[in-house]
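Peer 1: Before anything else, here's the structure in question.
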Amino acid sequence: MTDLIVQNVHKYLGGLHILQGASFTANRGSIVSLLGASGSGKTTLLRCIAGLEQPEVGQIKIGGSVVFDGDKRVTVAPENRNIGLVFQSYALWPHRSVAENVAYGLKLRGVNKADAEKRVLDTLGKIGLGHLAERYPDQLSGGQQQRVAICRALVYEPKILLMDEPLSNLDAKLREEARYWIRKLVLDLGICGVLVTHDQAEALAASDNILLLRNGKVAQEGPPQDIYSKPSSFYVADFLGANNVAAGRIKRDGPTASIHGSNWQLDGVMMGDGAESQGKAVIRVEQVAVHDQPAPGRIEMQLEACLFLGDRWEYRLSYGDFKAKAFGPKLMAAGTVWAEIPRESVWLYPEAA
Ligand SMILES: Nc1ncnc2c1ncn2[C@@H]1O[C@H](COP(=O)(O)OP(=O)(O)OP(=O)(O)O)[C@@H](O)[C@H]1O
């Protein structure tokens with residue numbers, strides 16, 4: 001069931017057109033990530049959904065109710081939108097216990113003490129924090145503080161959990177754990193999660209749907225696997241993953257296509273319309289395999305350096321003035337090697353794409 005509908009939202013800030021017609025929907029029991037470069041409008045869009053910013057144009061519906069309509073001049077206050085909000089800074093009250101921090105909003109909304117206590121303990125229990133209810137924030141780890149902040153948002157039993165970079169204060173290991181349990185939590189509770197992040201690994205791992213924003217517009221929307229393996233534009237292809245990018249002349253000959261530099265050429269697949277034109281090739285680094293023997297279809301390249309990354313090696317390769325990176329399991333001697341680059345992994349984008 002669709003719990004969030006955002007339609008053609010425009011927002012101006014300081015005279016600038018920040019959101020330029022953002023639209024998407026999100027379902028119960030799923031997470032949508034708002035992903036994009038710094039300044040692409042992720043936080044502004046989240047704040048519009050929360051009611052902390054008022055768009056000039058558009059419509060937003062939460063759980064079937066209109067909470068904003070630019071034409072009809074409807075604006076529902078944030079506290080009546082049935083949302084939970086989690087920010088980057090956990091903003092816990094330092095002189096209140098975990099239970100008091102979580103209960104605070106309920107108290108403000110006039111929920112009676114016995115009811116509030118029960119809801120707080122239930123919510124803390126769901127997140128595995130029941131045993132920490134009497135502790136104070138400075139007696140908790142960063143990961144536990146972040147869980148308390150999420151508890152505080154969930155205690156209202158919201159339809160939608162809005163999270164703005166909730167993991168960015170955690171170290172890399174905790175972040176990986178946290179994105180797993182946040183996903184499990186949203187799915188188990190059957191609510192709808194909206195996660196703002198600039199970290200593509202987080203968006204790919206945590207969400208059912210990704211909205212990649214560029215200059216306040218949706219550049220592409222889709223499930224993580226689709227957006228990663230079928231990027232519709234050069235921008236999206238280059239934004240996600242680790243890539244080899246080369247500029248050259250794209251030639252199309254019936255169903256086949258190729259890209260030509262001054263002293264190299266690669267067969268590929270067209271990712272946009274267009275006949276012969278200048279353009280770019282994008283090849284995911286993991287799609288290039290390096291061998292020490294030639295074989296049909298392999299390209300002779302020069303291995304210039306090998307860098308040790310711990311779990312694998314990174315190879316620095318050249319083929320004329322085409323420079324590429326690849327990964328592999330072993331140290332290889334510099335000199336001539338043979339690279340396998342599948343045609344379907346060489347994505348060709350004509351200039352305009
Ligand atoms: N109050 C404001 N007045 C003017 N411009 C603003 C205001 N708030 C944000 N902006 C601008 O709006 C654009 C989008 O900002 P927003 O914070 O939504 O981006 P973001 O994608 O969340 O970026 P980041 O990842 O850096 O947080 C930026 O160019 C920002 O400078």
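Going by the structure tokens order, chains are called A, B, ..., each with residues numbered from 1, while ligands are numbered from 1 in the order shown.
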Could you give me, as JSON lines, every chain A residue with an atom at most 6 Å from ligand 1, plus its closest atom pair and distance in Å to one decimal, counting only C-alpha atoms and all ligand atoms, rows ordered by chain then number?

Peer 2:
```
{"residue": "A:Leu13", "atom": "CA", "partner": "ligand 1", "partner_atom_place_in_ligand_line": "4 (C)", "distance": 4.4}
{"residue": "A:Gly14", "atom": "CA", "partner": "ligand 1", "partner_atom_place_in_ligand_line": "4 (C)", "distance": 4.0}
{"residue": "A:Ile18", "atom": "CA", "partner": "ligand 1", "partner_atom_place_in_ligand_line": "12 (O)", "distance": 5.3}
{"residue": "A:Gly36", "atom": "CA", "partner": "ligand 1", "partner_atom_place_in_ligand_line": "21 (O)", "distance": 5.9}
{"residue": "A:Ala37", "atom": "CA", "partner": "ligand 1", "partner_atom_place_in_ligand_line": "21 (O)", "distance": 5.9}
{"residue": "A:Ser38", "atom": "CA", "partner": "ligand 1", "partner_atom_place_in_ligand_line": "26 (O)", "distance": 3.5}
{"residue": "A:Gly39", "atom": "CA", "partner": "ligand 1", "partner_atom_place_in_ligand_line": "19 (O)", "distance": 3.5}
{"residue": "A:Ser40", "atom": "CA", "partner": "ligand 1", "partner_atom_place_in_ligand_line": "21 (O)", "distance": 3.8}
{"residue": "A:Gly41", "atom": "CA", "partner": "ligand 1", "partner_atom_place_in_ligand_line": "18 (O)", "distance": 3.3}
{"residue": "A:Lys42", "atom": "CA", "partner": "ligand 1", "partner_atom_place_in_ligand_line": "21 (O)", "distance": 3.9}
{"residue": "A:Thr43", "atom": "CA", "partner": "ligand 1", "partner_atom_place_in_ligand_line": "22 (O)", "distance": 3.7}
{"residue": "A:Thr44", "atom": "CA", "partner": "ligand 1", "partner_atom_place_in_ligand_line": "18 (O)", "distance": 3.7}
{"residue": "A:His198", "atom": "CA", "partner": "ligand 1", "partner_atom_place_in_ligand_line": "25 (O)", "distance": 5.8}
```

Peer 1: Suppose we keep C-alpha atoms; can you now write the selection as a PDB file, in the first residue's frame?

Peer 2:
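Wrote it out as part_27.pdb, contents follow:
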```pdb
ATOM      1  CA  LEU A  13      14.876  29.261  -1.096  1.00  0.00           C
ATOM      2  CA  GLY A  14      16.721  32.579  -1.081  1.00  0.00           C
ATOM      3  CA  ILE A  18      15.815  24.425  -5.226  1.00  0.00           C
ATOM      4  CA  GLY A  36      22.442  12.834  -4.501  1.00  0.00           C
ATOM      5  CA  ALA A  37      25.448  15.096  -4.422  1.00  0.00           C
ATOM      6  CA  SER A  38      25.713  17.855  -1.831  1.00  0.00           C
ATOM      7  CA  GLY A  39      23.220  20.597  -2.653  1.00  0.00           C
ATOM      8  CA  SER A  40      21.002  18.400  -4.851  1.00  0.00           C
ATOM      9  CA  GLY A  41      17.976  19.101  -2.621  1.00  0.00           C
ATOM     10  CA  LYS A  42      17.679  15.903  -0.529  1.00  0.00           C
ATOM     11  CA  THR A  43      17.233  17.605   2.844  1.00  0.00           C
ATOM     12  CA  THR A  44      14.928  20.255   1.387  1.00  0.00           C
ATOM     13  CA  HIS A 198      24.891  11.034   0.102  1.00  0.00           C
TER      14      HIS A 198
END
```

Peer 1: Report as a list in words all protein, DNA and RNA residues lying within 12 Å of A:Pro137, evaluated on only C-alpha atoms, omitting residues in the same chain fewer than 3 positions from it.

Peer 2: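 Once the adjacent positions are removed, what remains is Tyr90, Ala91, Leu92, Trp93, Pro94, His95, Arg96, Ser97, Val98, Ala99, Glu100, Asn101, Val102, Leu132, Ala133, Glu134, Leu140, Ser141, Gly142, Gly143, Gln144, Gln145, Gln146, Arg147, Val148 and Ala149 of chain A.
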
Peer 1: Please return as a count of residues only: the residues of stretch 177-348 of chain A that backbone DSSP assigns to strand (DSSP E).

Peer 2: 83

Peer 1: Residues at most 12 Å from A:Val120, counting only C-alpha atoms, excluding those fewer than 3 positions away in the same chain, as a ChimeraX atom specification?

Peer 2: /A:97-107,111,113-117,123-127,129-130,132-134,148,150-157

Peer 1: What's around A:Arg284 at 7 Å? Count only C-alpha atoms, leave out sequence neighbours fewer than 4 positions away in its own chain, and write the answer as a PDB file with C-alpha atoms, in the first residue's frame.

Peer 2:
```
ATOM      1  CA  GLY A 241      29.900   2.728  -8.418  1.00  0.00           C
ATOM      2  CA  ALA A 242      33.608   2.937  -9.182  1.00  0.00           C
ATOM      3  CA  ASN A 243      34.082   3.656 -12.863  1.00  0.00           C
ATOM      4  CA  ASN A 244      36.427   3.897 -15.776  1.00  0.00           C
TER       5      ASN A 244
END
```

Peer 1: Among stretch 9-94 of chain A, which residues carry a DSSP assignment of helix (DSSP H, G or I), reported as number ranges by chain?

Peer 2: A: 42-50, 78-80

Peer 1: Next, dump the selected residues to file, keeping only N, CA and C atoms, as a PDB file, in the first residue's frame.

Peer 2:
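The resulting file, selection_11.pdb, is shown below:
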```
ATOM      1  N   LYS A  42      18.195  17.049  -1.302  1.00  0.00           N
ATOM      2  CA  LYS A  42      17.679  15.903  -0.529  1.00  0.00           C
ATOM      3  C   LYS A  42      17.015  16.362   0.773  1.00  0.00           C
ATOM      4  N   THR A  43      17.761  17.167   1.551  1.00  0.00           N
ATOM      5  CA  THR A  43      17.233  17.605   2.844  1.00  0.00           C
ATOM      6  C   THR A  43      16.019  18.504   2.650  1.00  0.00           C
ATOM      7  N   THR A  44      16.066  19.356   1.641  1.00  0.00           N
ATOM      8  CA  THR A  44      14.928  20.255   1.387  1.00  0.00           C
ATOM      9  C   THR A  44      13.676  19.432   1.093  1.00  0.00           C
ATOM     10  N   LEU A  45      13.822  18.362   0.298  1.00  0.00           N
ATOM     11  CA  LEU A  45      12.668  17.526  -0.033  1.00  0.00           C
ATOM     12  C   LEU A  45      12.140  16.836   1.235  1.00  0.00           C
ATOM     13  N   LEU A  46      13.052  16.326   2.062  1.00  0.00           N
ATOM     14  CA  LEU A  46      12.631  15.671   3.311  1.00  0.00           C
ATOM     15  C   LEU A  46      11.898  16.662   4.222  1.00  0.00           C
ATOM     16  N   ARG A  47      12.439  17.879   4.302  1.00  0.00           N
ATOM     17  CA  ARG A  47      11.827  18.894   5.168  1.00  0.00           C
ATOM     18  C   ARG A  47      10.441  19.299   4.648  1.00  0.00           C
ATOM     19  N   CYS A  48      10.265  19.262   3.325  1.00  0.00           N
ATOM     20  CA  CYS A  48       8.933  19.554   2.759  1.00  0.00           C
ATOM     21  C   CYS A  48       7.944  18.454   3.150  1.00  0.00           C
ATOM     22  N   ILE A  49       8.413  17.189   3.139  1.00  0.00           N
ATOM     23  CA  ILE A  49       7.520  16.082   3.516  1.00  0.00           C
ATOM     24  C   ILE A  49       7.162  16.199   5.004  1.00  0.00           C
ATOM     25  N   ALA A  50       8.162  16.599   5.812  1.00  0.00           N
ATOM     26  CA  ALA A  50       7.941  16.715   7.256  1.00  0.00           C
ATOM     27  C   ALA A  50       7.071  17.915   7.607  1.00  0.00           C
ATOM     28  N   PRO A  78       3.546  19.938  11.112  1.00  0.00           N
ATOM     29  CA  PRO A  78       4.382  18.729  11.213  1.00  0.00           C
ATOM     30  C   PRO A  78       3.858  17.722  12.238  1.00  0.00           C
ATOM     31  N   GLU A  79       3.395  18.217  13.411  1.00  0.00           N
ATOM     32  CA  GLU A  79       2.991  17.275  14.469  1.00  0.00           C
ATOM     33  C   GLU A  79       1.707  16.535  14.135  1.00  0.00           C
ATOM     34  N   ASN A  80       1.009  16.980  13.077  1.00  0.00           N
ATOM     35  CA  ASN A  80      -0.218  16.273  12.681  1.00  0.00           C
ATOM     36  C   ASN A  80      -0.043  15.470  11.392  1.00  0.00           C
TER      37      ASN A  80
END
```

Peer 1: Could you tell me how far atom CA of A:Leu108 lies from atom CA of A:Leu121, in Å and to one decimal?

Peer 2: 17.7 Å

Peer 1: From the options A:Glu221, A:Glu276, A:Asp321, A:Glu304, which residue's atoms come nearest to A:Asn263, counting only C-alpha atoms?

Peer 2: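 Of A:Glu221, A:Glu276, A:Asp321, A:Glu304, the one nearest A:Asn263, counting only C-alpha atoms, is A:Asp321.
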
Peer 1: Quick one: residues within 7 Å of A:Pro55, only C-alpha atoms, excluding same-chain residues fewer than 5 positions away - as an mmCIF file with C-alpha atoms, in the first residue's frame?

Peer 2:
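The result, written out as part_5.cif:
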```cif
data_model
loop_
_atom_site.group_PDB
_atom_site.id
_atom_site.type_symbol
_atom_site.label_atom_id
_atom_site.label_comp_id
_atom_site.auth_asym_id
_atom_site.auth_seq_id
_atom_site.Cartn_x
_atom_site.Cartn_y
_atom_site.Cartn_z
ATOM 1 C CA VAL A 9 6.946 19.659 -5.568
ATOM 2 C CA HIS A 10 8.662 22.994 -6.243
ATOM 3 C CA LYS A 11 10.499 24.929 -3.561
ATOM 4 C CA CYS A 48 8.933 19.554 2.759
#
```

Peer 1: Wanna dump the stretch 158-265 of chain A-stretch 24-32 of chain A contacts at 6 Å for me, each residue with its shortest atom pair and the distance in Å to one decimal, counting only C-alpha atoms, ordered by chain and number, as CSV?

Peer 2:
```
residue,atom,partner,partner_atom,distance
A:Leu187,CA,A:Gly29,CA,4.6
A:Gly190,CA,A:Gly29,CA,4.1
A:Ile191,CA,A:Gly29,CA,4.9
A:Cys192,CA,A:Arg28,CA,4.6
A:Gly193,CA,A:Ile31,CA,4.4
A:Val194,CA,A:Val32,CA,4.9
A:Ser207,CA,A:Ile31,CA,4.8
A:Asp208,CA,A:Ile31,CA,5.4
A:Asn209,CA,A:Val32,CA,4.8
A:Ile210,CA,A:Val32,CA,5.6
```
